[in-house]
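Here's model.txt, which has compact mmCIF, C-alpha atoms:
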```txt
# COMPACT_ATOMS: atom_id res chain seq x y z
CA MET B 932 8.06 -27.90 32.27
CA CYS B 933 8.65 -31.59 31.62
CA LYS B 934 12.08 -32.12 30.11
CA THR B 935 10.70 -35.01 28.04
CA LEU B 936 8.09 -32.77 26.39
CA THR B 937 10.70 -30.09 25.76
CA SER B 938 12.95 -32.57 24.01
CA LYS B 939 10.06 -34.14 22.12
CA TYR B 940 8.66 -30.92 20.68
CA ASN B 941 11.91 -29.00 20.17
CA VAL B 942 11.86 -29.00 16.37
CA ALA B 943 12.38 -26.37 13.72
CA GLY B 944 9.19 -24.45 13.02
CA PRO B 945 7.73 -21.10 11.94
CA ARG B 946 6.67 -18.27 14.25
CA TYR B 947 3.52 -17.75 12.14
CA THR B 948 3.44 -14.01 11.60
CA SER B 949 1.76 -15.13 8.39
CA TYR B 950 0.19 -18.14 6.73
CA PRO B 951 1.46 -19.36 4.38
CA THR B 952 4.91 -18.69 5.81
CA VAL B 953 7.33 -16.88 3.51
CA PRO B 954 9.42 -19.95 2.52
CA TYR B 955 6.22 -21.60 1.23
CA TRP B 956 5.01 -18.73 -0.89
CA ASN B 957 4.19 -19.80 -4.44
CA SER B 958 5.96 -17.03 -6.35
CA GLU B 959 5.51 -18.88 -9.65
CA ASP B 960 1.77 -18.10 -9.60
CA PHE B 961 2.40 -14.56 -8.34
CA SER B 962 2.75 -11.43 -10.44
CA LEU B 963 2.93 -7.71 -9.76
CA LEU B 964 -0.24 -7.34 -11.82
CA ALA B 965 -2.10 -9.86 -9.63
CA TRP B 966 -0.84 -8.16 -6.47
CA LYS B 967 -2.10 -4.78 -7.67
CA LYS B 968 -5.51 -6.23 -8.56
CA ASN B 969 -5.95 -7.96 -5.19
CA LEU B 970 -4.76 -4.94 -3.26
CA LYS B 971 -7.13 -2.59 -5.07
CA GLN B 972 -10.11 -4.88 -4.40
CA SER B 973 -9.33 -5.28 -0.71
CA PHE B 974 -8.55 -1.58 -0.25
CA LYS B 975 -11.79 -0.52 -1.92
CA SER B 976 -13.88 -2.72 0.36
CA SER B 977 -12.15 -1.84 3.65
CA ASN B 978 -10.44 1.56 3.61
CA THR B 979 -13.45 3.61 4.65
CA THR B 980 -14.74 1.06 7.17
CA GLU B 981 -11.58 -0.06 8.97
CA GLY B 982 -8.63 1.80 7.40
CA ILE B 983 -5.24 0.25 6.70
CA SER B 984 -2.07 -0.61 8.56
CA LEU B 985 1.19 0.94 7.43
CA TYR B 986 4.65 -0.43 8.18
CA ILE B 987 7.80 1.56 7.40
CA HIS B 988 11.12 -0.29 7.40
CA LEU B 989 14.15 1.85 8.24
CA PRO B 990 17.04 -0.61 7.88
CA PHE B 991 20.11 1.32 9.01
CA CYS B 992 22.07 0.65 12.21
CA GLU B 993 25.42 2.01 13.40
CA SER B 994 26.57 -1.34 14.80
CA LEU B 995 25.66 -5.00 14.34
CA CYS B 996 23.82 -6.80 17.13
CA THR B 997 24.79 -10.43 16.65
CA PHE B 998 21.44 -11.81 17.86
CA CYS B 999 19.50 -9.92 15.18
CA GLY B 1000 17.68 -11.68 12.35
CA CYS B 1001 16.30 -8.53 10.68
CA HIS B 1002 17.20 -7.08 7.30
CA LYS B 1003 19.58 -4.22 8.04
CA ARG B 1004 22.55 -2.19 6.74
CA ILE B 1005 25.38 -1.34 9.11
CA THR B 1006 26.79 2.15 8.55
CA LYS B 1007 27.75 5.35 10.35
CA ASN B 1008 27.18 7.39 7.21
CA HIS B 1009 24.08 9.45 8.01
CA SER B 1010 24.03 11.14 4.61
CA ILE B 1011 21.98 8.16 3.40
CA GLU B 1012 19.01 9.18 5.57
CA ILE B 1013 17.29 11.71 3.32
CA PRO B 1014 17.65 9.80 0.00
CA TYR B 1015 16.15 6.69 1.60
CA LEU B 1016 13.29 8.60 3.21
CA LYS B 1017 12.50 10.23 -0.13
CA SER B 1018 12.29 6.73 -1.63
CA ILE B 1019 9.80 5.76 1.09
CA LEU B 1020 7.57 8.72 0.23
CA LYS B 1021 7.81 8.05 -3.49
CA GLU B 1022 6.83 4.42 -2.93
CA LEU B 1023 3.79 5.65 -1.03
CA ASP B 1024 2.98 7.93 -3.97
CA LEU B 1025 3.04 4.90 -6.28
CA TYR B 1026 0.55 3.10 -4.05
CA ILE B 1027 -1.76 6.11 -3.78
CA ALA B 1028 -1.72 6.49 -7.58
CA LEU B 1029 -2.72 2.82 -7.83
CA LEU B 1030 -5.46 3.03 -5.18
CA LYS B 1031 -6.80 6.42 -6.37
CA GLU B 1032 -7.81 7.39 -2.85
CA LYS B 1033 -6.07 8.56 0.30
CA PRO B 1034 -5.47 5.65 2.68
CA ILE B 1035 -6.96 6.05 6.14
CA VAL B 1036 -4.18 4.89 8.45
CA LYS B 1037 -5.40 3.04 11.52
CA GLU B 1038 -2.06 1.55 12.53
CA LEU B 1039 1.42 2.85 11.76
CA HIS B 1040 4.59 1.15 12.89
CA ILE B 1041 8.16 2.25 12.17
CA GLY B 1042 10.64 -0.59 12.55
CA GLY B 1043 14.16 -1.49 11.53
CA GLY B 1044 17.03 -1.59 11.72
CA THR B 1045 17.11 1.31 14.11
CA PRO B 1046 14.50 4.02 13.49
CA THR B 1047 16.29 6.29 15.97
CA PHE B 1048 19.38 6.04 13.73
CA TYR B 1049 17.61 8.89 11.91
CA SER B 1050 17.73 12.43 13.23
CA PRO B 1051 14.53 13.86 14.70
CA GLU B 1052 14.56 16.46 11.93
CA ASN B 1053 14.61 13.81 9.22
CA LEU B 1054 11.89 11.76 10.93
CA LYS B 1055 9.82 14.94 11.02
CA MET B 1056 10.40 15.37 7.28
CA LEU B 1057 9.24 11.79 6.68
CA LEU B 1058 6.10 12.14 8.79
CA GLU B 1059 5.15 15.55 7.41
CA GLY B 1060 5.36 14.05 3.93
CA LEU B 1061 3.46 10.97 5.03
CA PHE B 1062 0.52 12.84 6.54
CA ARG B 1063 0.18 15.08 3.52
CA ARG B 1064 -0.56 11.88 1.60
CA VAL B 1065 -2.76 9.91 4.03
CA LYS B 1066 -5.52 10.49 6.56
CA LYS B 1067 -5.37 9.51 10.22
CA ALA B 1068 -8.13 7.24 11.49
CA ASN B 1069 -10.01 8.51 14.53
CA ASN B 1070 -8.84 5.55 16.62
CA SER B 1071 -5.30 5.40 15.22
CA ASN B 1072 -2.42 3.63 16.96
CA PHE B 1073 1.13 4.69 16.03
CA SER B 1074 4.27 3.01 17.34
CA PHE B 1075 8.00 2.75 16.75
CA GLU B 1076 11.02 0.73 17.82
CA GLY B 1077 13.53 2.73 19.85
CA HIS B 1078 17.13 1.99 20.77
CA PRO B 1079 17.71 3.01 24.43
CA ASN B 1080 21.25 4.14 23.61
CA ASN B 1081 20.22 6.76 21.07
CA THR B 1082 16.54 7.59 21.60
CA THR B 1083 16.49 11.23 22.67
CA LYS B 1084 13.84 13.50 24.14
CA GLN B 1085 13.74 15.25 20.76
CA HIS B 1086 13.01 11.92 19.02
CA LEU B 1087 10.17 11.20 21.43
CA ASP B 1088 8.66 14.69 21.32
CA THR B 1089 8.81 14.76 17.52
CA LEU B 1090 7.03 11.44 17.16
CA ARG B 1091 4.50 12.26 19.87
CA ASP B 1092 3.60 15.46 17.99
CA PHE B 1093 2.50 13.28 15.06
CA GLY B 1094 0.29 11.09 17.23
CA PHE B 1095 2.67 8.28 18.22
CA ASN B 1096 1.56 6.74 21.49
CA ARG B 1097 3.63 3.57 21.81
CA VAL B 1098 7.35 2.80 21.83
CA SER B 1099 9.12 -0.55 22.12
CA TYR B 1100 12.69 -0.66 23.48
CA GLY B 1101 15.07 -3.54 22.82
CA VAL B 1102 16.47 -4.48 26.24
CA GLN B 1103 17.47 -8.14 25.59
CA ASP B 1104 19.50 -8.75 28.81
CA TYR B 1105 21.23 -6.56 31.40
CA ASN B 1106 24.20 -8.87 32.01
CA GLU B 1107 27.46 -7.45 30.65
CA THR B 1108 28.85 -10.82 29.50
CA VAL B 1109 25.70 -11.51 27.48
CA GLN B 1110 25.71 -7.97 26.09
CA LYS B 1111 29.30 -8.33 24.91
CA ALA B 1112 28.49 -11.65 23.22
CA ILE B 1113 25.62 -10.10 21.24
CA ASN B 1114 27.47 -6.80 20.67
CA ARG B 1115 24.74 -4.81 22.39
CA ILE B 1116 26.43 -2.86 25.18
CA GLN B 1117 23.52 -1.07 26.81
CA PRO B 1118 23.79 0.21 30.40
CA ILE B 1119 20.61 -0.01 32.43
CA GLU B 1120 20.86 3.75 33.00
CA ASN B 1121 20.14 4.27 29.30
CA VAL B 1122 17.01 2.11 29.48
CA ILE B 1123 15.80 3.93 32.59
CA LYS B 1124 16.33 7.31 30.93
CA ALA B 1125 14.64 6.30 27.66
CA THR B 1126 11.66 4.80 29.52
CA GLN B 1127 11.19 7.80 31.78
CA GLU B 1128 11.56 10.24 28.88
CA ALA B 1129 8.87 8.38 26.93
CA ARG B 1130 6.47 8.67 29.85
CA ARG B 1131 7.22 12.36 30.24
CA SER B 1132 6.65 12.87 26.51
CA GLY B 1133 3.16 11.40 26.83
CA PHE B 1134 3.56 7.87 25.45
CA THR B 1135 0.77 5.74 26.88
CA SER B 1136 2.27 2.31 26.10
CA ILE B 1137 5.94 1.55 26.63
CA GLY B 1138 7.27 -1.89 25.78
CA HIS B 1139 10.49 -3.72 26.64
CA ASP B 1140 11.80 -6.64 24.58
CA ILE B 1141 13.61 -9.33 26.58
CA ILE B 1142 15.26 -12.37 24.99
CA PHE B 1143 16.03 -15.71 26.60
CA GLY B 1144 18.36 -18.35 25.20
CA LEU B 1145 21.13 -15.86 24.38
CA PRO B 1146 24.81 -16.93 24.40
CA PHE B 1147 26.28 -17.30 27.91
CA GLN B 1148 22.88 -16.42 29.42
CA THR B 1149 21.95 -18.22 32.64
CA ILE B 1150 18.67 -18.51 34.51
CA GLU B 1151 20.08 -16.05 37.05
CA HIS B 1152 20.66 -13.51 34.27
CA VAL B 1153 17.03 -13.80 33.19
CA ILE B 1154 15.84 -13.39 36.78
CA GLN B 1155 17.97 -10.28 37.26
CA THR B 1156 16.83 -8.73 33.97
CA ILE B 1157 13.17 -9.23 34.84
CA LYS B 1158 13.78 -7.91 38.36
CA GLU B 1159 15.11 -4.67 36.86
CA THR B 1160 12.29 -4.62 34.31
CA LYS B 1161 9.65 -4.87 37.03
CA ARG B 1162 11.07 -1.75 38.65
CA LEU B 1163 10.50 0.24 35.44
CA ARG B 1164 7.02 -1.27 34.97
CA PRO B 1165 6.73 -1.16 31.15
CA ASP B 1166 3.18 -1.55 29.87
CA ARG B 1167 4.13 -4.42 27.56
CA ILE B 1168 6.86 -7.02 27.58
CA ALA B 1169 7.90 -9.23 24.69
CA PHE B 1170 9.69 -12.18 26.29
CA TYR B 1171 10.81 -14.42 23.49
CA SER B 1172 13.33 -17.03 22.48
CA TYR B 1173 16.52 -16.15 20.64
CA ALA B 1174 16.18 -17.49 17.08
CA HIS B 1175 19.56 -18.91 16.10
CA VAL B 1176 19.49 -19.06 12.30
CA PRO B 1177 23.07 -18.33 11.14
CA TRP B 1178 22.48 -20.36 7.97
CA LEU B 1179 19.99 -17.66 6.95
CA LYS B 1180 21.66 -14.58 8.37
CA GLY B 1181 25.29 -15.19 7.44
CA ASN B 1182 27.99 -13.71 9.64
CA GLY B 1183 25.51 -11.67 11.64
CA GLN B 1184 24.89 -14.58 14.04
CA ARG B 1185 28.40 -16.01 14.02
CA GLY B 1186 29.83 -13.82 16.78
CA PHE B 1187 29.81 -16.77 19.19
CA LYS B 1188 29.91 -20.55 19.09
CA ASP B 1189 26.91 -22.86 18.99
CA GLU B 1190 28.00 -24.38 22.29
CA ASP B 1191 27.76 -20.95 23.94
CA ILE B 1192 23.97 -21.02 23.50
CA PRO B 1193 21.89 -22.57 26.32
CA LYS B 1194 20.53 -26.04 25.60
CA ALA B 1195 16.81 -26.52 24.98
CA ASP B 1196 15.97 -27.65 28.52
CA ILE B 1197 17.78 -24.62 30.00
CA LYS B 1198 16.02 -22.29 27.57
CA ARG B 1199 12.67 -23.73 28.54
CA LYS B 1200 13.54 -23.30 32.23
CA GLN B 1201 14.53 -19.69 31.54
CA TYR B 1202 11.14 -19.13 29.95
CA GLU B 1203 9.15 -20.83 32.70
CA VAL B 1204 10.94 -18.94 35.47
CA GLY B 1205 10.68 -15.63 33.62
CA LYS B 1206 7.02 -16.16 32.78
CA GLN B 1207 6.13 -16.85 36.39
CA LEU B 1208 7.97 -13.74 37.54
CA LEU B 1209 6.00 -11.65 35.06
CA LEU B 1210 2.67 -13.21 36.07
CA ASP B 1211 3.50 -12.62 39.74
CA ALA B 1212 4.20 -8.96 38.89
CA GLY B 1213 0.71 -8.52 37.47
CA TYR B 1214 1.37 -9.01 33.77
CA ILE B 1215 -1.15 -10.94 31.69
CA GLU B 1216 0.03 -13.44 29.08
CA ILE B 1217 -0.99 -12.37 25.58
CA GLY B 1218 -0.78 -14.98 22.83
CA MET B 1219 2.76 -16.27 22.35
CA ASP B 1220 5.69 -14.73 24.26
CA HIS B 1221 3.91 -11.44 25.00
CA PHE B 1222 2.74 -9.96 28.29
CA ALA B 1223 0.86 -6.76 29.12
CA LEU B 1224 -0.48 -4.92 32.12
CA GLN B 1225 -4.23 -5.07 32.58
CA THR B 1226 -4.50 -1.39 31.64
CA ASP B 1227 -2.64 -1.73 28.32
CA SER B 1228 -4.54 -1.59 25.05
CA LEU B 1229 -3.17 -4.99 23.96
CA ASN B 1230 -4.81 -6.67 26.95
CA LYS B 1231 -8.03 -4.77 26.28
CA ALA B 1232 -7.91 -6.07 22.69
CA LEU B 1233 -7.51 -9.59 24.06
CA GLU B 1234 -10.54 -9.11 26.30
CA ASN B 1235 -12.58 -7.64 23.42
CA GLU B 1236 -11.41 -10.39 21.01
CA THR B 1237 -10.05 -7.80 18.57
CA ILE B 1238 -6.41 -8.83 18.96
CA HIS B 1239 -4.64 -9.66 15.71
CA ARG B 1240 -1.26 -10.95 14.57
CA ASN B 1241 0.55 -9.97 11.39
CA PHE B 1242 4.05 -9.17 10.16
CA MET B 1243 4.26 -6.45 12.82
CA GLY B 1244 3.52 -9.01 15.57
CA TYR B 1245 0.51 -8.72 17.89
CA THR B 1246 -1.65 -5.66 17.25
CA ASN B 1247 -4.71 -4.11 18.86
CA SER B 1248 -7.01 -4.61 15.89
CA LYS B 1249 -7.19 -6.12 12.43
CA THR B 1250 -7.15 -4.39 9.06
CA GLN B 1251 -7.54 -6.25 5.77
CA VAL B 1252 -4.80 -4.19 4.16
CA MET B 1253 -1.27 -3.71 5.42
CA ILE B 1254 1.15 -1.82 3.19
CA GLY B 1255 4.87 -2.19 3.87
CA LEU B 1256 7.18 0.59 2.70
CA GLY B 1257 10.94 0.28 2.38
CA ALA B 1258 13.50 -2.35 1.48
CA SER B 1259 12.39 -5.92 2.41
CA ALA B 1260 9.01 -4.69 3.77
CA ILE B 1261 6.05 -7.06 3.38
CA SER B 1262 2.50 -6.05 2.41
CA ASP B 1263 -0.76 -7.95 2.91
CA SER B 1264 -4.05 -7.55 1.02
CA TRP B 1265 -5.54 -10.48 2.99
CA SER B 1266 -5.85 -12.55 -0.19
CA SER B 1267 -2.20 -12.03 -1.17
CA PHE B 1268 1.23 -11.11 0.17
CA ALA B 1269 4.02 -9.12 -1.48
CA GLN B 1270 7.60 -8.47 -0.37
CA ASN B 1271 9.84 -5.64 -1.51
CA GLU B 1272 13.38 -6.02 -2.80
CA LYS B 1273 15.71 -6.69 0.13
CA GLY B 1274 18.70 -4.82 -1.27
CA ILE B 1275 18.53 -1.09 -0.62
CA GLU B 1276 20.05 -0.15 -3.99
CA ALA B 1277 17.74 -2.51 -5.90
CA TYR B 1278 14.77 -1.13 -3.98
CA GLN B 1279 15.67 2.49 -4.70
CA ASP B 1280 16.42 1.78 -8.36
CA LEU B 1281 12.90 0.44 -8.96
CA ILE B 1282 11.36 3.36 -7.10
CA GLU B 1283 13.27 5.80 -9.32
CA LYS B 1284 11.80 4.00 -12.34
CA ASP B 1285 8.26 4.45 -10.93
CA ILE B 1286 7.91 0.68 -10.37
CA LEU B 1287 6.57 -0.83 -7.17
CA PRO B 1288 9.67 -2.61 -5.76
CA VAL B 1289 7.99 -6.01 -5.23
CA PHE B 1290 10.16 -9.04 -5.97
CA ARG B 1291 8.06 -11.95 -4.70
CA GLY B 1292 4.70 -12.78 -3.19
CA HIS B 1293 1.88 -15.28 -2.80
CA ILE B 1294 -1.77 -15.43 -3.85
CA LEU B 1295 -3.73 -17.28 -1.16
CA THR B 1296 -5.93 -20.20 -2.20
CA ASP B 1297 -9.30 -20.92 -0.59
CA GLU B 1298 -7.61 -23.52 1.60
CA ASP B 1299 -4.87 -21.04 2.55
CA LEU B 1300 -7.49 -18.55 3.73
CA ILE B 1301 -9.25 -21.10 5.95
CA ILE B 1302 -6.02 -22.36 7.48
CA ARG B 1303 -4.89 -18.79 8.01
CA LYS B 1304 -8.00 -18.23 10.15
CA HIS B 1305 -7.24 -21.30 12.25
CA ILE B 1306 -3.63 -20.31 12.85
CA LEU B 1307 -4.63 -16.73 13.70
CA ASN B 1308 -7.23 -18.06 16.15
CA LEU B 1309 -4.65 -20.29 17.81
CA MET B 1310 -1.93 -17.64 17.98
CA CYS B 1311 -4.29 -14.94 19.29
CA LYS B 1312 -6.94 -16.80 21.29
CA MET B 1313 -5.37 -20.20 21.96
CA GLU B 1314 -8.40 -21.93 20.45
CA THR B 1315 -10.16 -22.45 17.14
CA SER B 1316 -13.38 -24.05 15.86
CA TRP B 1317 -15.01 -25.41 12.72
CA ASP B 1318 -18.05 -27.18 11.37
CA GLU B 1319 -19.01 -28.58 7.98
CA LEU B 1320 -20.00 -25.15 6.68
CA THR B 1321 -17.38 -22.79 8.10
CA ASN B 1322 -13.62 -23.10 8.59
CA TYR B 1323 -13.68 -26.69 7.36
CA PHE B 1324 -11.14 -27.92 4.81
CA GLU B 1325 -10.59 -31.29 3.19
CA ASP B 1326 -7.53 -32.32 5.19
CA LEU B 1327 -8.87 -31.29 8.59
CA PRO B 1328 -9.42 -34.95 9.64
CA LYS B 1329 -5.70 -35.59 8.95
CA VAL B 1330 -4.80 -32.56 11.06
CA LEU B 1331 -6.90 -33.76 13.97
CA ASN B 1332 -5.41 -37.23 13.69
CA GLN B 1333 -1.91 -35.76 13.82
CA LEU B 1334 -2.88 -33.71 16.88
CA GLN B 1335 -3.92 -36.83 18.82
CA GLU B 1336 -0.46 -37.30 20.31
CA ILE B 1337 -0.34 -33.64 21.34
CA GLU B 1338 -3.73 -34.12 23.03
CA ASN B 1339 -2.50 -37.31 24.72
CA ASP B 1340 0.37 -35.26 26.17
CA GLY B 1341 -2.18 -32.92 27.76
CA LEU B 1342 -1.34 -29.88 25.65
CA ILE B 1343 -4.71 -29.43 23.94
CA LYS B 1344 -8.34 -30.51 24.24
CA ILE B 1345 -10.17 -31.53 21.05
CA GLN B 1346 -13.96 -31.62 20.99
CA SER B 1347 -16.23 -32.39 18.04
CA THR B 1348 -15.82 -29.01 16.32
CA ARG B 1349 -13.42 -27.19 18.63
CA LEU B 1350 -9.80 -27.21 19.78
CA LYS B 1351 -8.59 -25.41 22.88
CA VAL B 1352 -4.97 -25.06 24.00
CA ASN B 1353 -4.40 -25.93 27.66
CA ASP B 1354 -2.13 -23.81 29.85
CA LYS B 1355 0.41 -26.63 29.63
CA GLY B 1356 0.31 -26.35 25.85
CA ARG B 1357 0.88 -22.60 25.50
CA PRO B 1358 4.69 -22.90 25.22
CA PHE B 1359 4.14 -25.36 22.33
CA ILE B 1360 1.70 -23.25 20.31
CA ARG B 1361 4.05 -23.23 17.32
CA ASN B 1362 4.01 -27.04 17.26
CA ILE B 1363 0.20 -27.04 17.41
CA CYS B 1364 -0.04 -24.58 14.52
CA MET B 1365 2.39 -26.70 12.50
CA ALA B 1366 -0.18 -29.50 12.44
CA PHE B 1367 -2.56 -27.15 10.59
CA ASP B 1368 0.19 -26.00 8.21
CA MET B 1369 -0.67 -28.16 5.22
CA LEU B 1370 2.09 -26.73 3.03
CA LEU B 1371 4.65 -27.72 5.65
CA GLN B 1372 3.04 -31.14 6.12
CA ARG B 1373 3.00 -31.89 2.40
CA LYS B 1374 6.57 -30.80 1.79
CA LYS B 1375 9.05 -30.92 4.62
CA PRO B 1376 11.95 -28.50 4.04
CA GLU B 1377 15.13 -30.09 2.69
CA THR B 1378 17.28 -27.42 4.31
CA LYS B 1379 17.09 -25.45 7.56
CA LEU B 1380 14.45 -22.71 7.24
CA PHE B 1381 13.22 -22.03 10.76
CA SER B 1382 14.47 -21.61 14.29
CA MET B 1383 13.80 -24.25 16.93
CA THR B 1384 10.41 -24.05 18.65
CA VAL B 1385 11.96 -24.32 22.14
```
In structure tokens, how does this file's structure come out?
Amino acid sequence: MCKTLTSKYNVAGPRYTSYPTVPYWNSEDFSLLAWKKNLKQSFKSSNTTEGISLYIHLPFCESLCTFCGCHKRITKNHSIEIPYLKSILKELDLYIALLKEKPIVKELHIGGGTPTFYSPENLKMLLEGLFRRVKKANNSNFSFEGHPNNTTKQHLDTLRDFGFNRVSYGVQDYNETVQKAINRIQPIENVIKATQEARRSGFTSIGHDIIFGLPFQTIEHVIQTIKETKRLRPDRIAFYSYAHVPWLKGNGQRGFKDEDIPKADIKRKQYEVGKQLLLDAGYIEIGMDHFALQTDSLNKALENETIHRNFMGYTNSKTQVMIGLGASAISDSWSSFAQNEKGIEAYQDLIEKDILPVFRGHILTDEDLIIRKHILNLMCKMETSWDELTNYFEDLPKVLNQLQEIENDGLIKIQSTRLKVNDKGRPFIRNICMAFDMLLQRKKPETKLFSMTV
């Protein structure tokens, strides 16, 4: 990768799990009443035909990983498990009362925090309650995030009994110096055991998350981590850049100094070397920072052009409705977004008062919806198209003009009504999407909001 291009395009920018991005939501024009109305309309038109996606946020962890940018609560007090899970189920009851029909769940993802912080017995209680309230779609896809240090055979068997078929393990890096810096001491033996146990339990898709750009991490560390990963042959690999945003996450990302983090050109080299190793091992690049074996359902979705990207990341298929349950969880009705209270106590207090715990959101404009399509196309397919009748918006000529320099650098190819990202441009997909982001273009942030794109 050309060092000049790396330096040129290494700017702060969104990762585009949504458009508009959360910092640009117009909460002044948003209301809980409007959210309910939009959700009901979208649910009514899509539940029986495509079902919904359901995300459950379990925010508790026993220790703080200093690379983490998620909303979490650090505690070793496991007595909080059942009260929180009861709040999750009551929140679902509030949604079902609003929608007046059982949701048909096509995709279910349990994230955190650390879902395996919870005992298998309590996860069973949650899922038994959940499936008394909803229906499973015939082609459902259920997944969860597991911590290799505490994911047990009982966890895996319990979840598999409810139809879970995919697990994602946070590996990050196998080097002990890097692990100490990010407070994630995780022997490779634990990852091997958790991976093998998942296969024995019947999970058909096992993912490993690997991060580059971590403090004290060298190119050799990345090579060694991927070498070990290739031996275990996970079905999916998320290979992504560490997002250093201590101004947003407080002390959580202050466990090391800024100078301990690899510079942009080293990070890009880490990515290029790691990517090539994965391609050589038979993995196929999926969208941004994701790789999958040819046999994995994510690659099949790419081939079938059903791949989608939302707040859960890349998924096998699209649903109009995604309901997020739990503190800080985000929901999507396609025409609007809503986020729950981030504080656990504030979230539970509203639930106890029979109030949906939404504290902010955004109603998408007609322009938002068109731009959202373009950004989804770029993130999922590395191309997008338009004409005067479809996917055209007033400022598109300005976008194309701004993209001229990116085209001159050989990163994209623009035709009369089409844009295609070249292989050379894939690492800069966030920069390409930023040109379409009219809210960002019209109002540059006055403070740091996003991580660097490289």
Among listed residues B:Lys1003, B:Lys967, B:Arg946, B:His1139, nearest Ala1269 (chain B) (using all atoms listed in the file): B:Lys967
Identify, on the basis of all atoms listed in the file, every residue whose closest approach to region 1108-1121 of chain B does not exceed 8 Å; exclude the query and any residue fewer than 5 positions from it along the same chain; express the result as a PyMOL selection string. chain B and resi 995-998+1079-1080+1102+1145-1148+1186-1187
Would you work out the distance separating CA of Ile1035 (chain B) from CA of Lys1066 (chain B), expressed in Å to one decimal?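 Atom-to-atom, CA of Ile1035 (chain B) to CA of Lys1066 (chain B), that is 4.7 Å.
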Of the candidates B:Ile1019, B:Ile1363, B:Ile1345, B:Leu1090, which shows the shortest atom-to-atom distance to Ser1316 (chain B), using all atoms listed in the file?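 Of B:Ile1019, B:Ile1363, B:Ile1345, B:Leu1090, the one nearest Ser1316 (chain B), counting all atoms listed in the file, is B:Ile1345.
For the choices B:Ser1071, B:Gln1225, B:Asn1106, B:Asn1081, the atom-to-atom distance to Leu1210 (chain B) is smallest for B:Gln1225 when using all atoms listed in the file.
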Set the distance at 9 Å and use all atoms listed in the file: which residues neighbour region 1159-1174 of chain B once local chain neighbours fewer than 5 positions away are removed? I'd like the list as an NGL selection string. :B and (998-1000 or 1099 or 1103 or 1105 or 1119 or 1123 or 1126-1127 or 1135-1145 or 1154 or 1198 or 1202 or 1205-1206 or 1209 or 1212 or 1214 or 1219-1227 or 1229 or 1381-1385)
C-alpha atoms of the current selection, written as an mmCIF file, in the coordinates of the input:
```
data_model
loop_
_atom_site.group_PDB
_atom_site.id
_atom_site.type_symbol
_atom_site.label_atom_id
_atom_site.label_comp_id
_atom_site.auth_asym_id
_atom_site.auth_seq_id
_atom_site.Cartn_x
_atom_site.Cartn_y
_atom_site.Cartn_z
ATOM 1 C CA PHE B 998 21.440 -11.810 17.860
ATOM 2 C CA CYS B 999 19.500 -9.920 15.180
ATOM 3 C CA GLY B 1000 17.680 -11.680 12.350
ATOM 4 C CA SER B 1099 9.120 -0.550 22.120
ATOM 5 C CA GLN B 1103 17.470 -8.140 25.590
ATOM 6 C CA TYR B 1105 21.230 -6.560 31.400
ATOM 7 C CA ILE B 1119 20.610 -0.010 32.430
ATOM 8 C CA ILE B 1123 15.800 3.930 32.590
ATOM 9 C CA THR B 1126 11.660 4.800 29.520
ATOM 10 C CA GLN B 1127 11.190 7.800 31.780
ATOM 11 C CA THR B 1135 0.770 5.740 26.880
ATOM 12 C CA SER B 1136 2.270 2.310 26.100
ATOM 13 C CA ILE B 1137 5.940 1.550 26.630
ATOM 14 C CA GLY B 1138 7.270 -1.890 25.780
ATOM 15 C CA HIS B 1139 10.490 -3.720 26.640
ATOM 16 C CA ASP B 1140 11.800 -6.640 24.580
ATOM 17 C CA ILE B 1141 13.610 -9.330 26.580
ATOM 18 C CA ILE B 1142 15.260 -12.370 24.990
ATOM 19 C CA PHE B 1143 16.030 -15.710 26.600
ATOM 20 C CA GLY B 1144 18.360 -18.350 25.200
ATOM 21 C CA LEU B 1145 21.130 -15.860 24.380
ATOM 22 C CA ILE B 1154 15.840 -13.390 36.780
ATOM 23 C CA LYS B 1198 16.020 -22.290 27.570
ATOM 24 C CA TYR B 1202 11.140 -19.130 29.950
ATOM 25 C CA GLY B 1205 10.680 -15.630 33.620
ATOM 26 C CA LYS B 1206 7.020 -16.160 32.780
ATOM 27 C CA LEU B 1209 6.000 -11.650 35.060
ATOM 28 C CA ALA B 1212 4.200 -8.960 38.890
ATOM 29 C CA TYR B 1214 1.370 -9.010 33.770
ATOM 30 C CA MET B 1219 2.760 -16.270 22.350
ATOM 31 C CA ASP B 1220 5.690 -14.730 24.260
ATOM 32 C CA HIS B 1221 3.910 -11.440 25.000
ATOM 33 C CA PHE B 1222 2.740 -9.960 28.290
ATOM 34 C CA ALA B 1223 0.860 -6.760 29.120
ATOM 35 C CA LEU B 1224 -0.480 -4.920 32.120
ATOM 36 C CA GLN B 1225 -4.230 -5.070 32.580
ATOM 37 C CA THR B 1226 -4.500 -1.390 31.640
ATOM 38 C CA ASP B 1227 -2.640 -1.730 28.320
ATOM 39 C CA LEU B 1229 -3.170 -4.990 23.960
ATOM 40 C CA PHE B 1381 13.220 -22.030 10.760
ATOM 41 C CA SER B 1382 14.470 -21.610 14.290
ATOM 42 C CA MET B 1383 13.800 -24.250 16.930
ATOM 43 C CA THR B 1384 10.410 -24.050 18.650
ATOM 44 C CA VAL B 1385 11.960 -24.320 22.140
#
```
Would you work out the distance separating CA of Pro1358 (chain B) from CA of Leu1300 (chain B), expressed in Å to one decimal?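 Computing it gives 25.1 Å between the two atoms.
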Mind giving me the axis-aligned box for region 1313-1319 of chain B with 8 Å on every side, centre plus edges in Å to one decimal, as lines of an AutoDock Vina configuration file?
```
center_x = -12.2
center_y = -24.4
center_z = 15.0
size_x = 29.6
size_y = 24.4
size_z = 30.0
```
